[in-house]
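Structure first, commentary second.
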Amino acid sequence: MRIANLAGRLVVISADRAVDVQRASGGLFSSDPSAVYARWAEFRAWAAGADLGGGVPFDPRDLGAPSPAPRQLLAIGLNYREHASEAGFTTPEGMPPVFTKYATSITGPVTEVALPEGGHTDWEVELVAVVGHEAHRVSEAGAWSHIAGLTVGQDISERVIQMAGPAPQFSLGKSYPGFTPTGPWLVTPDEFDDPDDLELTCAVNGEEVQHDRTRHLIFSVPALVARLSQVLPLLPGDVIFTGTPAGVGLGRSPQRWLAPGDELVSSITGIGELRQRFTG
Ligand code: ZN
């Protein structure tokens with residue numbers, strides 16, 4: 001199943017059309033896309049038996065983030081070996097670096113993003129998992145059952161502020177307005193042949209800059225859920241950015257940054273794509 005946030009309303013995507021959940025359920029479920037995760041099992045059960053015909057066509061530019069107001073957004077650093085190496089770090093063991101992208105930076109999948117003045121703004125395509133059932137001290141074996149679904153994320157990163165100061169400012173440098181696009185929709189894990197092996201790509205102005213598979217994650221989605229949930233409860237609607245593969249502008253020689261007019265397309269096979277246009 002695919003669910004989306006269409007102009008602020010929860011919809012199910014069925015045959016490329018959007019079915020409004022509040023109307024189709026006769027008001028059983030709220031139109032608020034954030035509210036569904038707290039009732040995830042009940043929602044899945046309803047959707048499995050519901051008549052989801054009669055949807056309407058829609059413009060992807062009207063889509064918002066599948067989880068637009070998570071109580072927690074956890075983002076993972078250095079989770080692919082070649083990316084850790086290009087960023088100049090060793091490979092993490094035990095627990096990867098964890099930071100946040102503040103909620104005001106979250107947007108839908110098709111946007112214009114203003115480049116911070118004097119910055120070095122970079123791209124990071126990532127698989128993003130959204131929590132469906134609270135996870136606290138769960139095992140890796142049981143972790144997938146806590147995930148509502150998967151979506152595409154861009155961890156847009158301004159490297160000057162990220163690297164300034166005595167310690168890295170990961171969270172601040174990755175939280176300018178528009179720096180956290182996700183979407184185009186949330187795909188439930190059962191839709192994939194293998195949710196632990198998805199192909200990600202990222203292109204700048206049509207030139208492919210990142211291309212990898214999530215089976216190369218050092219800490220897989222279930223490994224992250226198990227480790228993070230040993231520390232804190234992961235709550236329904238929480239968003240986990242799982243880390244980016246090699247090919248970011250920071251790791252290139254010469255280094256390369258996004259410029260006004262650039263178009264960034266980030267995609268994951270079996271989910272869809274994000275499209276960002278940058279302005280000065
Ligand atoms: Zn990242």
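Order determines the names: the first chain of the structure tokens is A, the second B, and so forth; residues in each chain are numbered 1 upward, and ligands are numbered 1 upward as they are shown.
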Enumerate the residues of segment 13-227 of chain A with a DSSP assignment of alpha helix (DSSP H), computed from the backbone, and present them as number ranges by chain.
A: 21-24, 40-49, 81-86, 159-163, 170-173, 221-227
Please give me, as number ranges by chain, the residues lying within 8 Å of ligand 1 when counting only C-alpha atoms and all ligand atoms.
A: 75-78, 124-126, 154-157, 241-244
Residue subset to file, keeping C-alpha atoms, as a PDB file, in the first residue's frame:
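And here is the file that came out, out35.pdb:
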ATOM      1  CA  ALA A  75      19.319  10.869  10.922  1.00  0.00           C
ATOM      2  CA  ILE A  76      22.264   8.507  10.599  1.00  0.00           C
ATOM      3  CA  GLY A  77      25.750   9.436   9.437  1.00  0.00           C
ATOM      4  CA  LEU A  78      28.506   7.353   7.820  1.00  0.00           C
ATOM      5  CA  GLU A 124      22.592  13.166   0.118  1.00  0.00           C
ATOM      6  CA  VAL A 125      19.960  10.737  -1.199  1.00  0.00           C
ATOM      7  CA  GLU A 126      18.720   8.422   1.568  1.00  0.00           C
ATOM      8  CA  GLN A 154      17.181  14.125   0.665  1.00  0.00           C
ATOM      9  CA  ASP A 155      19.474  15.104   3.528  1.00  0.00           C
ATOM     10  CA  ILE A 156      20.430  18.451   1.964  1.00  0.00           C
ATOM     11  CA  SER A 157      23.501  19.684   3.826  1.00  0.00           C
ATOM     12  CA  PHE A 241      17.051   9.000   7.628  1.00  0.00           C
ATOM     13  CA  THR A 242      19.301   5.955   7.173  1.00  0.00           C
ATOM     14  CA  GLY A 243      22.429   7.573   5.707  1.00  0.00           C
ATOM     15  CA  THR A 244      23.758   8.376   2.254  1.00  0.00           C
TER      16      THR A 244
END
Skipping near chain neighbours, those fewer than 6 positions away, what residues fall within 10 Å of Ser14 of chain A using only C-alpha atoms, listed as a ChimeraX atom specification?
/A:1-3,52-56
As a PyMOL selection string, please: the residues near segment 109-111 of chain A (cut-off 6 Å, only C-alpha atoms, same-chain neighbours under 5 positions excluded).
chain A and resi 61+181-184+274-276
Strand (DSSP E or B) call set, DSSP backbone run, segment 133-226 of chain A, as a ChimeraX atom specification:
/A:135,147-154,157-158,180-187,199-204,207-213
Requested write-out: N, CA, C and O atoms of the selected residues, as a compact mmCIF listing (two decimals), in the first residue's frame:
# COMPACT_ATOMS: atom_id res chain seq x y z
N ALA A 135 8.54 1.53 19.22
CA ALA A 135 9.62 0.55 19.37
C ALA A 135 10.51 0.99 20.53
O ALA A 135 11.11 2.06 20.49
N ILE A 147 7.95 -0.75 11.58
CA ILE A 147 8.08 0.25 10.51
C ILE A 147 6.80 0.29 9.69
O ILE A 147 6.35 -0.73 9.15
N ALA A 148 6.20 1.49 9.57
CA ALA A 148 5.00 1.65 8.76
C ALA A 148 5.35 1.55 7.28
O ALA A 148 4.61 0.93 6.49
N GLY A 149 6.44 2.16 6.89
CA GLY A 149 6.80 2.13 5.47
C GLY A 149 8.06 2.90 5.20
O GLY A 149 8.70 3.46 6.11
N LEU A 150 8.38 2.93 3.90
CA LEU A 150 9.63 3.53 3.43
C LEU A 150 9.33 4.63 2.43
O LEU A 150 8.36 4.56 1.67
N THR A 151 10.19 5.64 2.42
CA THR A 151 10.05 6.71 1.46
C THR A 151 11.45 7.20 1.07
O THR A 151 12.45 6.68 1.55
N VAL A 152 11.49 8.16 0.13
CA VAL A 152 12.76 8.72 -0.31
C VAL A 152 13.02 9.99 0.48
O VAL A 152 12.09 10.78 0.73
N GLY A 153 14.27 10.22 0.86
CA GLY A 153 14.63 11.47 1.53
C GLY A 153 15.87 12.08 0.92
O GLY A 153 16.71 11.38 0.35
N GLN A 154 15.96 13.40 1.01
CA GLN A 154 17.18 14.13 0.67
C GLN A 154 17.66 14.81 1.94
O GLN A 154 16.95 15.63 2.51
N SER A 157 22.51 19.36 2.79
CA SER A 157 23.50 19.68 3.83
C SER A 157 24.35 20.88 3.43
O SER A 157 24.93 20.88 2.34
N GLU A 158 24.42 21.87 4.32
CA GLU A 158 25.28 23.04 4.07
C GLU A 158 26.57 22.79 4.85
O GLU A 158 26.58 22.77 6.08
N THR A 180 14.85 19.20 4.01
CA THR A 180 14.46 17.83 4.32
C THR A 180 13.24 17.39 3.50
O THR A 180 12.18 17.09 4.05
N PRO A 181 13.38 17.35 2.16
CA PRO A 181 12.26 16.83 1.37
C PRO A 181 12.14 15.31 1.54
O PRO A 181 13.14 14.60 1.60
N THR A 182 10.91 14.83 1.66
CA THR A 182 10.63 13.38 1.69
C THR A 182 9.41 13.10 0.82
O THR A 182 8.58 13.97 0.59
N GLY A 183 9.31 11.87 0.36
CA GLY A 183 8.16 11.47 -0.45
C GLY A 183 8.60 10.55 -1.60
O GLY A 183 9.65 9.93 -1.50
N PRO A 184 7.85 10.44 -2.70
CA PRO A 184 6.58 11.14 -2.88
C PRO A 184 5.46 10.57 -2.03
O PRO A 184 4.45 11.22 -1.85
N TRP A 185 5.65 9.34 -1.54
CA TRP A 185 4.64 8.69 -0.69
C TRP A 185 5.34 7.68 0.18
O TRP A 185 6.55 7.45 0.04
N LEU A 186 4.58 7.07 1.07
CA LEU A 186 5.10 6.03 1.95
C LEU A 186 4.66 4.69 1.38
O LEU A 186 3.47 4.49 1.13
N VAL A 187 5.61 3.78 1.19
CA VAL A 187 5.32 2.45 0.65
C VAL A 187 5.51 1.44 1.77
O VAL A 187 6.57 1.42 2.42
N GLU A 199 17.45 0.03 -4.60
CA GLU A 199 18.42 0.79 -5.39
C GLU A 199 18.15 2.29 -5.26
O GLU A 199 17.03 2.74 -5.50
N LEU A 200 19.18 3.05 -4.85
CA LEU A 200 19.02 4.52 -4.74
C LEU A 200 19.89 5.21 -5.78
O LEU A 200 21.02 4.77 -6.02
N THR A 201 19.38 6.29 -6.33
CA THR A 201 20.19 7.11 -7.24
C THR A 201 19.91 8.58 -6.97
O THR A 201 18.85 8.95 -6.45
N CYS A 202 20.88 9.40 -7.33
CA CYS A 202 20.75 10.85 -7.21
C CYS A 202 21.44 11.47 -8.41
O CYS A 202 22.53 11.04 -8.79
N ALA A 203 20.78 12.45 -9.04
CA ALA A 203 21.34 13.10 -10.23
C ALA A 203 21.24 14.62 -10.08
O ALA A 203 20.25 15.13 -9.56
N VAL A 204 22.28 15.30 -10.53
CA VAL A 204 22.29 16.77 -10.59
C VAL A 204 22.25 17.17 -12.05
O VAL A 204 23.14 16.79 -12.82
N GLU A 207 22.91 14.42 -14.48
CA GLU A 207 24.15 13.65 -14.34
C GLU A 207 24.10 12.85 -13.04
O GLU A 207 23.98 13.42 -11.96
N GLU A 208 24.21 11.52 -13.17
CA GLU A 208 24.13 10.68 -11.97
C GLU A 208 25.36 10.90 -11.09
O GLU A 208 26.48 10.80 -11.54
N VAL A 209 25.10 11.21 -9.80
CA VAL A 209 26.20 11.45 -8.86
C VAL A 209 26.25 10.41 -7.74
O VAL A 209 27.30 10.21 -7.13
N GLN A 210 25.13 9.77 -7.44
CA GLN A 210 25.11 8.71 -6.43
C GLN A 210 24.30 7.54 -6.98
O GLN A 210 23.26 7.73 -7.64
N HIS A 211 24.75 6.34 -6.68
CA HIS A 211 24.05 5.13 -7.14
C HIS A 211 24.53 3.96 -6.28
O HIS A 211 25.71 3.60 -6.31
N ASP A 212 23.65 3.41 -5.47
CA ASP A 212 24.05 2.31 -4.60
C ASP A 212 22.82 1.49 -4.26
O ASP A 212 21.73 1.76 -4.76
N ARG A 213 23.00 0.48 -3.41
CA ARG A 213 21.88 -0.33 -2.95
C ARG A 213 21.90 -0.39 -1.43
O ARG A 213 22.97 -0.37 -0.81
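Comparing A:Asp238, A:Glu42, A:Glu140, A:Asp122 by their smallest distance to Pro222 of chain A, the closest is A:Glu140 (using only C-alpha atoms).
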Fewer than 3 positions away in the same chain doesn't count, so skip those; otherwise give me all residues within 12 Å of Gly94 of chain A, counting only C-alpha atoms, as a list in words.
Asn79, Thr91, Pro97, Ile218, Phe219, Ala223, Leu224, Ala226, Arg227 and Leu228 of chain A
When distances are computed from only C-alpha atoms, which of A:Phe29, A:Phe58, A:Trp144, A:Phe99 shows the smallest separation from Pro168 of chain A?
A:Phe99
Kindly indicate which residue among A:Gly251, A:Gly237, A:Gly178, A:Pro96 lies nearest to His146 of chain A, using only C-alpha atoms for the distances.
A:Gly237
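The two atoms in question, atom CA of Asp190 of chain A and atom CA of Val12 of chain A, are spaced 15.5 Å apart.
Take the candidates A:Val231, A:Ala87, A:Val160, A:Val131 and check each one against Arg39 of chain A using only C-alpha atoms; the shortest distance goes to A:Val131.
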